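Structure first, then comments.
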Amino acid sequence: MDHFQYKHGELHAEDVALSCIAQHVGTPVYVYSAATLTRHFGLFRQALAWTDHLVCFAVKSNSNLAVLKLLGDLGAGMDVVSGGEYLRAKAAGVPGDRIVFSGVGKTIPEMRMAIEGGIRQFNLESEPEMRALSALCAGMGVEVPVAVRVNPDVDAKTHEKIATGRSDNKFGIPISRAIEVYAEAAALPGLRVVGVDVHIGSQLTDLDPFRAAYAKVADLTRALRAEGHAITRLDLGGGLGIPYRRDNSAPPLPLDYGQVIRETVGDLACEIEIEPGRNIVGNAGVLLSQVIYVKRGEDRDFLILDAAMNDLLRPAMYGAHHDIVPLIEPSVGAGVQPYDVVGPVCESGDTFRKGAELPGMAAGQLVAFRSAGAYGAVMASEYNSRPLVPEVLVQGDHFAVIRARPTYEDMLGRDSIPAWL
Ligand SMILES: *Cc1c(COP(=O)(O)O)cnc(C)c1O
């Protein structure tokens with residue numbers, strides 16, 4: 001459930017009419033609902049209420065400081081994958097001991113930054129990285145908590161670009177070599193082995209791959225303990241999917257997911273960390289856009305919007321579906337017609353949907369892309385020199401711009417022309 005509903009014939013975010021935001025901030029613009037973020041975060045906490053846990057929000061899904069602050073104030077930890085994300089989490093007021101650092105290519109400066117600022121744990125993804133972190137820590141005279149990300153070789157049954165738990169993916173170390181790698185980690189200076197980490201992919205709509213992966217983690221944990229490692233934490237990653245189509249059967253709920261965790265690793269007396277991103281923020285955001293033109297093609301009509309692939313990349317990148325709805329509620333029984341919904345960028349890939357069924361649309365009307373809160377704004381660019389899309393947060397009956405649209409002056413001012421040209 002989210003807080004984007006039609007009220008008095010107009011789509012609202014909580015108690016704010018989205019048309020009002022479009023009028024004040026312009027379009028395209030991302031709009032997030034604080035109540036929805038709070039609700040979704042609460043569902044994960046509830047799902048793990050049976051044990052010691054930390055819900056670490058995957059910052060890469062939405063890294064706006066206001067979103068991080070809201071979740072951090074609710075008690076969320078953060079899962080970061082770069083120095084920039086680490087600094088964002090800190091700037092949002094999240095203490096270092098609630099930040100876990102994941103990612104396949106952490107650099108020495110990034111690792112140093114996290115050690116100096118405080119870190120809950122590094123999730124190590126390879127032996128060279130493990131040795132580099134050990135050397136860094138030894139040089140700094142510190143010891144840091146680490147988990148090793150294992151690749152359990154399970155098929156997450158999701159889009160190939162967001163599957164990460166198969167042996168042919170670049171992530172983690174093969175689970176078959178884990179015992180050996182943990183032995184080296186324990187022997188290296190500067191590292192304190194505390195846990196096991198796994199993340200098998202994103203937008204999973206079936207619990208079976210989680211069950212298979214977590215069962216392997218449980219077996220590994222027992223084997224590592226038998227080798228003398230004090231495993232006290234399990235980081236089980238993120239990946240629980242969300243409904244992208246309102247008319248479709250829904251993926252499992254956080255509560256069901258928590259049950260799978262309990263059944264697979266619940267008897268190990270470990271603190272449980274999870275790293276949901278999409279499930280917390282995906283349906284807590286929409287992208288608003290205005291129709292620029294309705295163009296009659298040979299055999300179809302094109303709805304040309306002021307939002308484009310540079311603002312919302314998922315359809316072009318993954319063939320992803322987003323429901324597109326008019327801000328004015330269609331009257332009951334109103335007819336629909338098919339439109340190819342496109343943006344103005346000079347790429348055929350800049351097509352959001354072919355044959356979208358919408359009521360008759362005219363230039364100037366407003367639409368919302370639903371489920372756009374995760375992997376939306378964070379993947380936006382200024383391709384075609386289109387200003388970076390702004391972001392707005394709604395709470396109750398008020399809203400605030402949480403990232404302003406740059407001016408053309410801002411954009412041009414970032415380049416410089418060398419004196420020798
Ligand atoms: C992307 C990612 C997540 C979050 O995935 P969601 O599908 O957004 O929940 C969590 N952990 C790691 C290591 C990731 O790479």
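Identifiers for the structure tokens are assigned positionally: chains receive A, B, ... in sequence, residues are indexed from 1 per chain, and ligands are indexed from 1 in the order shown.
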Determine, for each residue of chain A having at least one atom at most 7 Å from an atom of ligand 1, the closest pair of atoms and their separation in Å to one decimal, counting only C-alpha atoms and all ligand atoms; order by chain and ascending number, as a Markdown table.
| residue | atom | partner | partner_atom_place_in_ligand_line | distance |
| --- | --- | --- | --- | --- |
| A:Ala58 | CA | ligand 1 | 4 (C) | 4.9 |
| A:Lys60 | CA | ligand 1 | 1 (C) | 6.6 |
| A:Ser61 | CA | ligand 1 | 8 (O) | 5.6 |
| A:Asp79 | CA | ligand 1 | 11 (N) | 6.7 |
| A:Ser102 | CA | ligand 1 | 13 (C) | 5.4 |
| A:Gly103 | CA | ligand 1 | 13 (C) | 6.4 |
| A:His199 | CA | ligand 1 | 13 (C) | 5.5 |
| A:Gly201 | CA | ligand 1 | 7 (O) | 6.4 |
| A:Ser202 | CA | ligand 1 | 7 (O) | 3.5 |
| A:Gln203 | CA | ligand 1 | 7 (O) | 5.2 |
| A:Gly237 | CA | ligand 1 | 11 (N) | 4.5 |
| A:Gly238 | CA | ligand 1 | 9 (O) | 3.8 |
| A:Gly239 | CA | ligand 1 | 7 (O) | 3.3 |
| A:Leu240 | CA | ligand 1 | 9 (O) | 5.6 |
| A:Gly241 | CA | ligand 1 | 7 (O) | 6.6 |
| A:Glu275 | CA | ligand 1 | 10 (C) | 4.6 |
| A:Pro276 | CA | ligand 1 | 9 (O) | 3.7 |
| A:Gly277 | CA | ligand 1 | 8 (O) | 3.4 |
| A:Arg278 | CA | ligand 1 | 8 (O) | 3.7 |
| A:Asn279 | CA | ligand 1 | 9 (O) | 5.9 |
Exercise. Contacts of region 182-186 of chain A at 8 Å or less, counting only C-alpha atoms, minus same-chain residues fewer than 4 places along, as a PyMOL selection string?
Worked result: chain A and resi 130+148+178+191-193+224+229
Exercise. Which residues, written as a list of chain:residue names, have at least one atom at most 12 Å from Gly117 (chain A), with only C-alpha atoms counted and residues fewer than 3 positions away on the same chain left out?
Worked result: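 In the requested format, the answer is A:Gly83, A:Tyr86, A:Leu87, A:Ala89, A:Lys90, A:Ala91, A:Gly93, A:Val94, A:Pro95, A:Gly96, A:Asp97, A:Arg98, A:Ile99, A:Glu110, A:Met111, A:Arg112, A:Met113, A:Ala114, A:Arg120.
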Seminar exercise, completed: For Val67 (chain A), the closest of A:Met317, A:Ala374, A:Val291, A:Cys20 counting only C-alpha atoms is A:Ala374
Exercise. Region 147-324 of chain A: which residues are strand (DSSP E or B) by DSSP, as number ranges by chain?
Worked result: A: 147-151, 163, 173-174, 191-197, 201, 204, 233-235, 240, 271-274, 285-296, 301-305, 324
For this session: Using DSSP on the backbone coordinates, identify all residues within region 49-142 of chain A classified as helix (DSSP H, G or I); present the result as a PyMOL selection string.
Result: chain A and resi 59-61+65-73+83-91+96-98+108-117+127-140
For this session: Would you please work out which residue, of A:Ala380, A:Val341, A:Leu188, A:Ile272, is nearest to Val367 (chain A) when using only C-alpha atoms?
Result: A:Val341
For this session: Write out as a VMD selection string the residues lying within 12 Å of His8 (chain A), counting only C-alpha atoms and excluding same-chain residues fewer than 4 positions away.
Result: chain A and resid 12 15 to 17 327 to 331
Seminar exercise, completed: In terms of only C-alpha atoms, the residue from A:Leu220, A:Val294, A:Leu303, A:Val281 at minimal distance from Ser176 (chain A) is A:Leu220
